[in-house]
Each structure stands twice: as structure tokens, then as C-alpha cells.
Amino acid sequence: MPHSFTLQEIILRLGVASLCGLLLGLDREIKQKTVGVRAFLLVCLGSASFTMMIVEITNYYQQIYEDLSMDPTRIIQGVVTGIGFLGGGAILQKGDHVAGTATGASIWVCGAIGVACGYGLYVHAGIATAFAFAVLTIVGLIRSLLREDLELNEEPCEDTKNKK
């Protein structure tokens, strides 16, 4: 099968995706959330990998069958659905308290960043990572200062406390 990407391009795209996922995961890890660096890095890396694979497959089949029409953007639909399911699993409800919504949403954003890296949209991925990181850190800090019911450093989930 002929390849659309050079080895350097594959390494660059997957490397940027890994770096973006690492950055967002570090925020969750520092705040002792149950979903941390490894999960975020893998979500971003996996999204980029799926995206790159569909580009490769599309290019391959279009070379063999010239009249074939394929839509490589459909991978985004699958990634959004799958990552949404994974992010939903990070949201926990205990009584009247719901936890993990920021983690669930950031997993979803991480999937989008991975897709951007897979398509080689590095500026988009970088800006999305910067905005997501700002929301998780700066907006999180401002939120905790404005609300009396939130502590500056939110307590980790019960699962994290019991495992230590």
C-alpha cells in the first residue's frame, strides 16, 4: 500500500498530538483527578492515529479506483461519538453532587485536538490546546474564587483517596 505520509510526518503528527494530550492531562493529574495524563495522552494520540489511518486508506483506494468517492471527514463522527462515550464515563453523581464534568468535557476536546493533529492542522490543535488549558487552569481558579461552595483545590474523588 502506498503511503500518504512520510515517516517524519507521521512522527510529527503523532508527536504533536501526544504533546497536546500530555499538557491537558497534566492539569487533571496535578488536581488528582481519576482521569489523568495517560488517558488524555492516549485519547489525543488515538484520535490522531484514526484520522491519519483514514487519510491513508482514502488515498490508497482513490488511487486504485479512480471513480471512487470517499469522505475522510466521516472519521470525525466516529471519534466524537466514541470520545463522548468515554468522557461521559468520567462524570459521576453522588447524591446532589455531580463531579467530573470538566474532565469529561476536556476528554472530548482532547479527541478534537487529536483529529486536528491527524489532519496536520497544527495551528488549530495548538490554539485549541491553549484555550482548553486556560479554561482548566485559569477559569478553574477564577471559578473557585467566585464561588463559596468550592475550595481552591477541589477534593479528589473517593476512588483516588481510597487507593493511596
# chains A, B, ... in the order shown; residues from 1 in each chain; ligands from 1
>>> residues_around(residues="Ala132 (chain A)", least_positions_apart="5", cutoff="8 Å", atoms="only C-alpha atoms", output="PyMOL selection string")
chain A and resi 24+106+109
>>> residues_around(residues="Trp108 (chain A)", least_positions_apart="5", cutoff="8 Å", atoms="only C-alpha atoms", output="MDAnalysis selection string")
chainID A and resid 80 83:84 87
>>> write_last_selection(atoms="N, CA and C atoms", output="PDB file, in the first residue's frame")
ATOM      1  N   VAL A  80     -15.954  11.617  17.620  1.00  0.00           N
ATOM      2  CA  VAL A  80     -16.794  12.428  18.515  1.00  0.00           C
ATOM      3  C   VAL A  80     -17.724  11.524  19.332  1.00  0.00           C
ATOM      4  N   ILE A  83     -15.450   9.253  21.814  1.00  0.00           N
ATOM      5  CA  ILE A  83     -14.843  10.059  22.876  1.00  0.00           C
ATOM      6  C   ILE A  83     -15.935  10.611  23.791  1.00  0.00           C
ATOM      7  N   GLY A  84     -17.093  10.951  23.235  1.00  0.00           N
ATOM      8  CA  GLY A  84     -18.207  11.408  24.064  1.00  0.00           C
ATOM      9  C   GLY A  84     -18.633  10.341  25.056  1.00  0.00           C
ATOM     10  N   GLY A  87     -15.868  10.227  27.693  1.00  0.00           N
ATOM     11  CA  GLY A  87     -15.981  11.404  28.566  1.00  0.00           C
ATOM     12  C   GLY A  87     -17.168  11.304  29.501  1.00  0.00           C
TER      13      GLY A  87
END
>>> select_by_dssp(residues="region 2-155 of chain A", states="strand (DSSP E or B)", output="PyMOL selection string")
chain A and resi 92-94+97-99
>>> write_last_selection(atoms="C-alpha atoms", output="compact mmCIF listing (two decimals), in the first residue's frame")
# COMPACT_ATOMS: atom_id res chain seq x y z
CA LEU A 92 -20.01 10.84 38.44
CA GLN A 93 -23.08 11.66 40.51
CA LYS A 94 -23.20 11.21 44.27
CA HIS A 97 -23.24 16.47 43.70
CA VAL A 98 -22.01 15.89 40.15
CA ALA A 99 -18.26 15.56 39.62
>>> residues_around(residues="Leu136 (chain A)", least_positions_apart="5", cutoff="9 Å", atoms="only C-alpha atoms", output="ChimeraX atom specification")
/A:24,27-28,102-103,106,131,141
>>> write_last_selection(atoms="N, CA and C atoms", output="PDB file, in the first residue's frame")
ATOM      1  N   LEU A  24      -2.832  18.763  28.532  1.00  0.00           N
ATOM      2  CA  LEU A  24      -4.157  18.788  29.157  1.00  0.00           C
ATOM      3  C   LEU A  24      -4.260  17.769  30.284  1.00  0.00           C
ATOM      4  N   ASP A  27      -2.861  18.911  33.794  1.00  0.00           N
ATOM      5  CA  ASP A  27      -3.755  19.690  34.642  1.00  0.00           C
ATOM      6  C   ASP A  27      -4.634  18.774  35.480  1.00  0.00           C
ATOM      7  N   ARG A  28      -5.195  17.762  34.872  1.00  0.00           N
ATOM      8  CA  ARG A  28      -6.062  16.822  35.595  1.00  0.00           C
ATOM      9  C   ARG A  28      -5.248  16.009  36.609  1.00  0.00           C
ATOM     10  N   ALA A 102     -15.874  18.683  34.017  1.00  0.00           N
ATOM     11  CA  ALA A 102     -14.755  19.331  33.329  1.00  0.00           C
ATOM     12  C   ALA A 102     -13.820  18.279  32.728  1.00  0.00           C
ATOM     13  N   THR A 103     -13.605  17.193  33.446  1.00  0.00           N
ATOM     14  CA  THR A 103     -12.768  16.115  32.924  1.00  0.00           C
ATOM     15  C   THR A 103     -13.418  15.475  31.708  1.00  0.00           C
ATOM     16  N   SER A 106     -13.168  17.872  28.820  1.00  0.00           N
ATOM     17  CA  SER A 106     -11.797  18.027  28.325  1.00  0.00           C
ATOM     18  C   SER A 106     -11.327  16.776  27.587  1.00  0.00           C
ATOM     19  N   PHE A 131      -6.415  27.136  24.614  1.00  0.00           N
ATOM     20  CA  PHE A 131      -7.704  27.551  25.172  1.00  0.00           C
ATOM     21  C   PHE A 131      -8.198  26.543  26.209  1.00  0.00           C
ATOM     22  N   LEU A 141      -9.499  28.424  38.416  1.00  0.00           N
ATOM     23  CA  LEU A 141      -9.067  29.217  39.566  1.00  0.00           C
ATOM     24  C   LEU A 141     -10.060  30.347  39.852  1.00  0.00           C
TER      25      LEU A 141
END
>>> residues_around(residues="Gln77 (chain A)", least_positions_apart="3", cutoff="12 Å", atoms="only C-alpha atoms", output="list in words")
Ser47, Phe50, Thr51, Asp71, Pro72, Thr73, Arg74, Val80, Thr81, Gly82, Ile83, Gly84, Gly111, Ala112 and Val115 of chain A
>>> write_last_selection(atoms="C-alpha atoms", output="PDB file, in the first residue's frame")
ATOM      1  CA  SER A  47      -7.772  10.282  17.635  1.00  0.00           C
ATOM      2  CA  PHE A  50      -7.525   7.046  13.449  1.00  0.00           C
ATOM      3  CA  THR A  51      -7.579  10.266  11.461  1.00  0.00           C
ATOM      4  CA  ASP A  71     -15.237  11.211   2.585  1.00  0.00           C
ATOM      5  CA  PRO A  72     -12.309  11.128   5.037  1.00  0.00           C
ATOM      6  CA  THR A  73     -14.033  13.621   7.327  1.00  0.00           C
ATOM      7  CA  ARG A  74     -16.503  10.942   8.437  1.00  0.00           C
ATOM      8  CA  VAL A  80     -16.794  12.428  18.515  1.00  0.00           C
ATOM      9  CA  THR A  81     -19.223   9.630  19.375  1.00  0.00           C
ATOM     10  CA  GLY A  82     -16.599   7.351  20.915  1.00  0.00           C
ATOM     11  CA  ILE A  83     -14.843  10.059  22.876  1.00  0.00           C
ATOM     12  CA  GLY A  84     -18.207  11.408  24.064  1.00  0.00           C
ATOM     13  CA  GLY A 111     -10.288  13.996  20.900  1.00  0.00           C
ATOM     14  CA  ALA A 112     -10.875  17.032  18.687  1.00  0.00           C
ATOM     15  CA  VAL A 115      -8.218  14.784  14.973  1.00  0.00           C
TER      16      VAL A 115
END
>>> atom_distance(atom1="CA of Gly120 (chain A)", atom2="CA of Leu14 (chain A)")
9.6 Å
>>> residues_around(residues="Ala116 (chain A)", least_positions_apart="2", cutoff="12 Å", atoms="only C-alpha atoms", output="count of residues only")
36
>>> decode(residues="region 43-88 of chain A", atoms="N, CA and C atoms", output="short mmCIF file (atom, residue, chain, number, x, y, z; two decimals), in the first residue's frame")
data_model
loop_
_atom_site.label_atom_id
_atom_site.label_comp_id
_atom_site.auth_asym_id
_atom_site.auth_seq_id
_atom_site.Cartn_x
_atom_site.Cartn_y
_atom_site.Cartn_z
N VAL A 43 -6.00 9.36 24.42
CA VAL A 43 -7.17 9.82 23.65
C VAL A 43 -6.71 10.69 22.48
N CYS A 44 -5.83 11.61 22.74
CA CYS A 44 -5.34 12.50 21.69
C CYS A 44 -4.55 11.71 20.65
N LEU A 45 -3.69 10.84 21.09
CA LEU A 45 -2.89 10.01 20.19
C LEU A 45 -3.78 9.08 19.36
N GLY A 46 -4.77 8.46 19.99
CA GLY A 46 -5.67 7.57 19.28
C GLY A 46 -6.50 8.30 18.24
N SER A 47 -7.00 9.49 18.59
CA SER A 47 -7.77 10.28 17.64
C SER A 47 -6.92 10.66 16.42
N ALA A 48 -5.70 11.06 16.68
CA ALA A 48 -4.79 11.40 15.58
C ALA A 48 -4.49 10.17 14.73
N SER A 49 -4.29 9.04 15.37
CA SER A 49 -3.98 7.81 14.63
C SER A 49 -5.14 7.39 13.73
N PHE A 50 -6.36 7.40 14.26
CA PHE A 50 -7.52 7.05 13.45
C PHE A 50 -7.67 8.00 12.27
N THR A 51 -7.46 9.27 12.52
CA THR A 51 -7.58 10.27 11.46
C THR A 51 -6.54 10.02 10.36
N MET A 52 -5.31 9.77 10.77
CA MET A 52 -4.25 9.51 9.79
C MET A 52 -4.52 8.22 9.01
N MET A 53 -5.04 7.21 9.69
CA MET A 53 -5.33 5.95 9.00
C MET A 53 -6.40 6.14 7.94
N ILE A 54 -7.44 6.92 8.24
CA ILE A 54 -8.49 7.11 7.24
C ILE A 54 -7.97 7.92 6.06
N VAL A 55 -7.07 8.85 6.30
CA VAL A 55 -6.46 9.59 5.19
C VAL A 55 -5.66 8.63 4.31
N GLU A 56 -4.89 7.76 4.94
CA GLU A 56 -4.11 6.76 4.19
C GLU A 56 -5.02 5.83 3.38
N ILE A 57 -6.06 5.32 4.02
CA ILE A 57 -6.98 4.40 3.36
C ILE A 57 -7.69 5.08 2.20
N THR A 58 -8.16 6.31 2.43
CA THR A 58 -8.84 7.06 1.38
C THR A 58 -7.93 7.26 0.18
N ASN A 59 -6.70 7.71 0.43
CA ASN A 59 -5.76 7.94 -0.66
C ASN A 59 -5.44 6.64 -1.40
N TYR A 60 -5.31 5.56 -0.69
CA TYR A 60 -5.00 4.26 -1.30
C TYR A 60 -6.12 3.83 -2.25
N TYR A 61 -7.34 3.85 -1.76
CA TYR A 61 -8.45 3.38 -2.59
C TYR A 61 -8.78 4.33 -3.74
N GLN A 62 -8.52 5.62 -3.56
CA GLN A 62 -8.74 6.55 -4.66
C GLN A 62 -7.71 6.37 -5.77
N GLN A 63 -6.53 5.87 -5.43
CA GLN A 63 -5.54 5.57 -6.46
C GLN A 63 -5.90 4.32 -7.24
N ILE A 64 -6.49 3.34 -6.57
CA ILE A 64 -6.87 2.08 -7.22
C ILE A 64 -8.15 2.26 -8.04
N TYR A 65 -9.16 2.89 -7.45
CA TYR A 65 -10.45 3.09 -8.08
C TYR A 65 -10.65 4.59 -8.32
N GLU A 66 -10.33 5.04 -9.49
CA GLU A 66 -10.35 6.47 -9.78
C GLU A 66 -11.73 7.10 -9.66
N ASP A 67 -12.79 6.31 -9.88
CA ASP A 67 -14.14 6.86 -9.80
C ASP A 67 -14.75 6.74 -8.40
N LEU A 68 -13.97 6.25 -7.44
CA LEU A 68 -14.45 6.07 -6.08
C LEU A 68 -14.49 7.42 -5.36
N SER A 69 -15.59 7.66 -4.67
CA SER A 69 -15.73 8.89 -3.90
C SER A 69 -15.77 8.52 -2.41
N MET A 70 -14.81 8.99 -1.66
CA MET A 70 -14.76 8.72 -0.22
C MET A 70 -14.70 10.04 0.54
N ASP A 71 -15.22 10.02 1.74
CA ASP A 71 -15.24 11.21 2.58
C ASP A 71 -14.42 10.96 3.85
N PRO A 72 -13.15 11.39 3.86
CA PRO A 72 -12.31 11.13 5.04
C PRO A 72 -12.73 11.90 6.28
N THR A 73 -13.61 12.87 6.15
CA THR A 73 -14.03 13.62 7.33
C THR A 73 -15.03 12.84 8.18
N ARG A 74 -15.54 11.74 7.66
CA ARG A 74 -16.50 10.94 8.44
C ARG A 74 -15.86 10.33 9.68
N ILE A 75 -14.54 10.23 9.70
CA ILE A 75 -13.87 9.70 10.89
C ILE A 75 -14.18 10.57 12.10
N ILE A 76 -14.39 11.86 11.85
CA ILE A 76 -14.68 12.78 12.94
C ILE A 76 -15.96 12.35 13.67
N GLN A 77 -16.95 11.92 12.92
CA GLN A 77 -18.21 11.47 13.52
C GLN A 77 -17.97 10.32 14.49
N GLY A 78 -17.19 9.34 14.08
CA GLY A 78 -16.89 8.21 14.95
C GLY A 78 -16.09 8.61 16.17
N VAL A 79 -15.12 9.48 15.98
CA VAL A 79 -14.28 9.93 17.10
C VAL A 79 -15.13 10.71 18.11
N VAL A 80 -15.95 11.62 17.62
CA VAL A 80 -16.79 12.43 18.51
C VAL A 80 -17.72 11.52 19.33
N THR A 81 -18.32 10.54 18.68
CA THR A 81 -19.22 9.63 19.38
C THR A 81 -18.48 8.79 20.41
N GLY A 82 -17.37 8.20 20.01
CA GLY A 82 -16.60 7.35 20.91
C GLY A 82 -16.01 8.11 22.08
N ILE A 83 -15.45 9.25 21.81
CA ILE A 83 -14.84 10.06 22.88
C ILE A 83 -15.94 10.61 23.79
N GLY A 84 -17.09 10.95 23.23
CA GLY A 84 -18.21 11.41 24.06
C GLY A 84 -18.63 10.34 25.06
N PHE A 85 -18.64 9.11 24.61
CA PHE A 85 -18.98 7.99 25.49
C PHE A 85 -17.94 7.85 26.60
N LEU A 86 -16.66 7.95 26.23
CA LEU A 86 -15.58 7.86 27.21
C LEU A 86 -15.65 9.02 28.20
N GLY A 87 -15.87 10.23 27.69
CA GLY A 87 -15.98 11.40 28.57
C GLY A 87 -17.17 11.30 29.50
N GLY A 88 -18.28 10.75 29.00
CA GLY A 88 -19.46 10.56 29.84
C GLY A 88 -19.18 9.64 31.01
#
